[in-house]
Amino acid sequence: MKKASLLILGIGVWFGMSSIHAQSLESTPQKDSTSIWELAKHDFKYTLKGVGHSITRPVHWKGDDFGKLGILVIGTASLSLMDNPIRDLAQNNRQDFPKVIRDFGWYFGSPQNYFAANAGLYTFGLLTKNEKVRKTSVLIISSSITTGIIQSIGKTAFGRARPGSGLKHLDFNPFSGKSRYRSFPSGHTILSMTMAHSIAKQFENTWVKVGIYTIGSIPPISRIIDDAHWITDIAFSTAISIIVVDSIDKFLFEEEAYDYPKKKKAISWNLRFSTNQIGIVGTF
């Protein structure tokens, strides 16, 4: 019952955001002659093209792109100094963190619930022929497939020890296949932040964006509280999600896959690493 209730809560939040999405942003009218089947084929086509585009991007990287990758790697390594202090802080205050939020973070960030929610969103957009909702769902699923591939390969290749396994934060056992060596990156974080960033990009209102990112941050925070991931797992996964979503969103716009005007305002994300600042900064 608890699991079912939390799943309903997650989908309820999802559809609540979908309703706001549909009402607050004018949808480009569809021609009456456009069938649902034709729209579905169009969306499926661009889902595959979006995945193909994002997966092959490294082949087209230039100097600046490799420089950004270097910054991400160096920044993640630097942030590892905070792995143990943040873990200690989280565990010392674990009992004070609401369990319902921890449970929501677990269930909402789980793949089966995540994709069920997105399937519901896409069905809503398809049946109502709401192009913006359809586009958002295509952005989510194509980004999720890409980030899912990255995190699956990463977990196996890095073989990083989980904090609750009794091992240290710099213990690695690549390709071991053991669950305790699958900490990096965080799957829950990648899915929740991919969803949150994809939806938030559709809004111009700063407070709506903040609300969406707040909901999206619950699974990553709950994973730290549950002693399942280090802060560097969370930070790296968040960065990957943002990079992939932005890449596919730009591709869909340039392909003119969906007919809607470019937003005047958007968040500009930048990696910031210095002697007194480490993180991802979003400028509204």
# chains A, B, ... in the order shown; residues from 1 in each chain; ligands from 1
call {"tool": "residues_around", "arguments": {"residues": "stretch 136-150 of chain A", "least_positions_apart": "2", "cutoff": "6 Å", "atoms": "only C-alpha atoms", "output": "short mmCIF file (atom, residue, chain, number, x, y, z; two decimals) with C-alpha atoms, in the first residue's frame"}}
result
data_model
loop_
_atom_site.label_atom_id
_atom_site.label_comp_id
_atom_site.auth_asym_id
_atom_site.auth_seq_id
_atom_site.Cartn_x
_atom_site.Cartn_y
_atom_site.Cartn_z
CA THR A 47 13.13 10.16 -30.11
CA GLY A 50 17.64 12.55 -30.47
CA VAL A 51 19.31 9.50 -28.93
CA TYR A 122 3.14 11.43 -23.39
CA VAL A 133 3.69 18.31 -23.95
CA ARG A 134 4.61 15.80 -26.65
CA SER A 152 24.92 1.68 -16.94
CA ILE A 153 28.34 1.64 -18.58
CA GLY A 154 29.77 3.95 -15.93
CA MET A 195 13.03 14.84 -15.98
CA SER A 198 13.46 18.79 -19.40
CA VAL A 245 19.09 17.36 -22.11
#
call {"tool": "closest_residue", "arguments": {"among": "A:Ile234, A:Ile218, A:Gln112, A:Ile225", "to": "A:Leu89", "atoms": "only C-alpha atoms"}}
result
A:Ile225
call {"tool": "closest_residue", "arguments": {"among": "A:Ala239, A:Met193, A:Val59, A:Ile199", "to": "A:Lys135", "atoms": "only C-alpha atoms"}}
result
A:Ile199
call {"tool": "residues_around", "arguments": {"residues": "A:Phe158", "least_positions_apart": "5", "cutoff": "8 Å", "atoms": "only C-alpha atoms", "output": "list in words"}}
result
Phe172, Asn173, Pro174, Phe175, Arg182 and Phe184 of chain A
call {"tool": "write_last_selection", "arguments": {"atoms": "C-alpha atoms", "output": "CSV table (one decimal), in the first residue's frame"}}
result
chain,number,residue,atom,x,y,z
A,172,PHE,CA,37.1,0.9,-6.9
A,173,ASN,CA,36.6,-2.6,-8.4
A,174,PRO,CA,35.9,-2.2,-12.1
A,175,PHE,CA,33.7,-4.8,-13.8
A,182,ARG,CA,27.9,0.3,-8.4
A,184,PHE,CA,29.1,6.0,-9.7
call {"tool": "select_by_dssp", "arguments": {"residues": "stretch 9-154 of chain A", "states": "helix (DSSP H, G or I)", "output": "number ranges by chain"}}
result
A: 9-24, 36-55, 57-60, 63-92, 94-96, 99-108, 111-127, 131-154
call {"tool": "atom_distance", "arguments": {"atom1": "atom CA of A:Pro220", "atom2": "atom CA of A:Ala77"}}
result
18.8 Å
call {"tool": "residues_around", "arguments": {"residues": "A:Ile243", "least_positions_apart": "2", "cutoff": "10 Å", "atoms": "only C-alpha atoms", "output": "NGL selection string"}}
result
:A and (54 or 143 or 147 or 194 or 237-241 or 245-248 or 269-270)
call {"tool": "write_last_selection", "arguments": {"atoms": "N, CA and C atoms", "output": "short mmCIF file (atom, residue, chain, number, x, y, z; two decimals), in the first residue's frame"}}
result
data_model
loop_
_atom_site.label_atom_id
_atom_site.label_comp_id
_atom_site.auth_asym_id
_atom_site.auth_seq_id
_atom_site.Cartn_x
_atom_site.Cartn_y
_atom_site.Cartn_z
N SER A 54 22.76 12.56 -29.54
CA SER A 54 23.48 12.74 -28.27
C SER A 54 24.59 11.69 -28.09
N SER A 143 16.48 11.74 -23.77
CA SER A 143 17.57 12.07 -22.85
C SER A 143 17.78 10.95 -21.83
N THR A 147 21.26 9.02 -21.12
CA THR A 147 21.88 9.05 -19.79
C THR A 147 21.84 7.67 -19.14
N THR A 194 17.10 14.55 -15.15
CA THR A 194 16.77 14.59 -16.57
C THR A 194 15.32 15.04 -16.74
N SER A 237 26.36 13.09 -11.85
CA SER A 237 25.13 12.64 -12.52
C SER A 237 24.26 13.81 -12.91
N THR A 238 24.18 14.82 -12.04
CA THR A 238 23.40 16.02 -12.34
C THR A 238 23.98 16.73 -13.56
N ALA A 239 25.29 16.86 -13.60
CA ALA A 239 25.95 17.53 -14.72
C ALA A 239 25.69 16.79 -16.03
N ILE A 240 25.79 15.47 -16.00
CA ILE A 240 25.55 14.66 -17.20
C ILE A 240 24.12 14.85 -17.69
N SER A 241 23.16 14.84 -16.79
CA SER A 241 21.75 15.02 -17.16
C SER A 241 21.53 16.36 -17.86
N VAL A 245 20.38 16.72 -21.82
CA VAL A 245 19.09 17.36 -22.11
C VAL A 245 19.29 18.60 -22.98
N ASP A 246 20.26 19.44 -22.64
CA ASP A 246 20.50 20.64 -23.43
C ASP A 246 20.92 20.31 -24.86
N SER A 247 21.71 19.25 -25.02
CA SER A 247 22.16 18.84 -26.34
C SER A 247 20.99 18.39 -27.21
N ILE A 248 20.11 17.56 -26.66
CA ILE A 248 18.98 17.05 -27.44
C ILE A 248 17.95 18.15 -27.68
N TRP A 269 23.46 27.28 -18.07
CA TRP A 269 24.17 26.45 -17.11
C TRP A 269 25.67 26.50 -17.37
N ASN A 270 26.45 26.67 -16.33
CA ASN A 270 27.89 26.71 -16.45
C ASN A 270 28.54 25.95 -15.31
#
call {"tool": "atom_distance", "arguments": {"atom1": "atom CA of A:Ile101", "atom2": "atom CA of A:Thr214"}}
result
12.0 Å
call {"tool": "residues_around", "arguments": {"residues": "A:Leu167", "least_positions_apart": "3", "cutoff": "12 Å", "atoms": "only C-alpha atoms", "output": "JSON, numbers by chain"}}
result
{"A": [84, 160, 161, 162, 163, 164, 170, 171, 172, 173, 180, 181, 183, 227, 228, 230]}
call {"tool": "write_last_selection", "arguments": {"atoms": "all heavy atoms", "output": "compact mmCIF listing (two decimals), in the first residue's frame"}}
result
# COMPACT_ATOMS: atom_id res chain seq x y z
N ASN A 84 33.25 12.31 2.45
CA ASN A 84 33.09 11.84 3.82
C ASN A 84 32.42 12.85 4.74
O ASN A 84 31.53 12.48 5.52
CB ASN A 84 34.44 11.40 4.39
CG ASN A 84 34.90 10.07 3.81
OD1 ASN A 84 34.12 9.13 3.71
ND2 ASN A 84 36.16 10.00 3.41
N ARG A 160 32.73 1.76 -8.49
CA ARG A 160 32.98 2.50 -7.24
C ARG A 160 32.17 1.94 -6.08
O ARG A 160 30.99 1.59 -6.24
CB ARG A 160 32.64 3.98 -7.42
CG ARG A 160 33.09 4.82 -6.24
CD ARG A 160 32.66 6.25 -6.35
NE ARG A 160 33.38 7.08 -5.39
CZ ARG A 160 33.11 8.35 -5.15
NH1 ARG A 160 32.15 8.97 -5.79
NH2 ARG A 160 33.82 9.02 -4.26
N ALA A 161 32.78 1.87 -4.92
CA ALA A 161 32.12 1.31 -3.73
C ALA A 161 31.04 2.25 -3.21
O ALA A 161 31.20 3.47 -3.20
CB ALA A 161 33.15 1.06 -2.64
N ARG A 162 29.93 1.69 -2.79
CA ARG A 162 28.85 2.47 -2.19
C ARG A 162 29.22 2.83 -0.75
O ARG A 162 29.90 2.05 -0.07
CB ARG A 162 27.54 1.69 -2.20
CG ARG A 162 26.93 1.51 -3.59
CD ARG A 162 25.55 0.87 -3.50
NE ARG A 162 24.94 0.64 -4.80
CZ ARG A 162 24.29 1.56 -5.50
NH1 ARG A 162 24.15 2.79 -5.01
NH2 ARG A 162 23.76 1.26 -6.67
N PRO A 163 28.75 3.98 -0.27
CA PRO A 163 29.09 4.41 1.09
C PRO A 163 28.60 3.46 2.18
O PRO A 163 29.24 3.29 3.20
CB PRO A 163 28.44 5.79 1.21
CG PRO A 163 27.39 5.82 0.14
CD PRO A 163 27.93 4.99 -0.97
N GLY A 164 27.44 2.84 1.98
CA GLY A 164 26.89 1.97 3.01
C GLY A 164 27.44 0.55 2.98
O GLY A 164 26.97 -0.31 3.74
N LEU A 170 37.08 6.03 -2.06
CA LEU A 170 37.99 5.90 -3.20
C LEU A 170 38.34 4.44 -3.49
O LEU A 170 39.34 4.14 -4.14
CB LEU A 170 39.27 6.71 -2.96
CG LEU A 170 39.08 8.23 -2.88
CD1 LEU A 170 40.42 8.93 -2.65
CD2 LEU A 170 38.42 8.78 -4.14
N ASP A 171 37.48 3.54 -3.03
CA ASP A 171 37.65 2.12 -3.34
C ASP A 171 36.94 1.82 -4.66
O ASP A 171 35.74 2.11 -4.82
CB ASP A 171 37.07 1.24 -2.24
CG ASP A 171 37.96 1.19 -1.01
OD1 ASP A 171 39.15 1.55 -1.14
OD2 ASP A 171 37.47 0.81 0.07
N PHE A 172 37.67 1.24 -5.61
CA PHE A 172 37.10 0.90 -6.91
C PHE A 172 37.41 -0.56 -7.24
O PHE A 172 38.47 -1.07 -6.93
CB PHE A 172 37.68 1.80 -8.00
CG PHE A 172 37.30 3.25 -7.87
CD1 PHE A 172 38.06 4.11 -7.07
CD2 PHE A 172 36.20 3.76 -8.54
CE1 PHE A 172 37.72 5.45 -6.95
CE2 PHE A 172 35.85 5.10 -8.42
CZ PHE A 172 36.61 5.94 -7.63
N ASN A 173 36.45 -1.19 -7.91
CA ASN A 173 36.64 -2.57 -8.36
C ASN A 173 35.90 -2.71 -9.70
O ASN A 173 34.81 -3.29 -9.77
CB ASN A 173 36.08 -3.55 -7.34
CG ASN A 173 36.46 -4.99 -7.67
OD1 ASN A 173 37.15 -5.26 -8.66
ND2 ASN A 173 36.01 -5.92 -6.84
N ARG A 180 27.62 -3.71 -4.49
CA ARG A 180 28.27 -2.72 -3.62
C ARG A 180 29.31 -1.89 -4.37
O ARG A 180 29.82 -0.90 -3.84
CB ARG A 180 28.92 -3.41 -2.42
CG ARG A 180 30.02 -4.41 -2.75
CD ARG A 180 30.62 -4.97 -1.48
NE ARG A 180 31.66 -5.96 -1.74
CZ ARG A 180 32.44 -6.47 -0.81
NH1 ARG A 180 32.29 -6.08 0.45
NH2 ARG A 180 33.36 -7.36 -1.12
N TYR A 181 29.64 -2.30 -5.59
CA TYR A 181 30.57 -1.54 -6.42
C TYR A 181 29.85 -0.91 -7.62
O TYR A 181 30.33 -0.94 -8.74
CB TYR A 181 31.70 -2.44 -6.94
CG TYR A 181 32.69 -2.85 -5.88
CD1 TYR A 181 32.69 -4.16 -5.39
CD2 TYR A 181 33.62 -1.95 -5.37
CE1 TYR A 181 33.60 -4.56 -4.42
CE2 TYR A 181 34.54 -2.34 -4.40
CZ TYR A 181 34.52 -3.63 -3.92
OH TYR A 181 35.42 -4.01 -2.96
N SER A 183 28.26 2.44 -7.37
CA SER A 183 27.85 3.72 -6.81
C SER A 183 27.92 4.88 -7.81
O SER A 183 27.14 5.83 -7.71
CB SER A 183 28.73 4.06 -5.60
OG SER A 183 28.31 5.25 -4.98
N ASP A 227 22.36 6.65 2.48
CA ASP A 227 23.73 6.13 2.47
C ASP A 227 23.99 5.22 1.26
O ASP A 227 24.70 4.21 1.36
CB ASP A 227 24.03 5.37 3.76
CG ASP A 227 25.53 5.42 4.12
OD1 ASP A 227 26.22 6.32 3.61
OD2 ASP A 227 25.97 4.57 4.91
N ALA A 228 23.40 5.59 0.11
CA ALA A 228 23.55 4.78 -1.10
C ALA A 228 24.50 5.42 -2.10
O ALA A 228 24.97 4.74 -3.01
CB ALA A 228 22.18 4.57 -1.77
N TRP A 230 27.63 8.80 -2.77
CA TRP A 230 28.48 9.90 -2.31
C TRP A 230 28.04 11.18 -3.02
O TRP A 230 27.37 11.13 -4.06
CB TRP A 230 29.95 9.62 -2.65
CG TRP A 230 30.47 8.31 -2.18
CD1 TRP A 230 30.59 7.16 -2.92
CD2 TRP A 230 30.96 7.99 -0.87
NE1 TRP A 230 31.11 6.15 -2.15
CE2 TRP A 230 31.35 6.63 -0.89
CE3 TRP A 230 31.10 8.72 0.31
CZ2 TRP A 230 31.87 5.98 0.22
CZ3 TRP A 230 31.63 8.08 1.43
CH2 TRP A 230 32.01 6.74 1.38
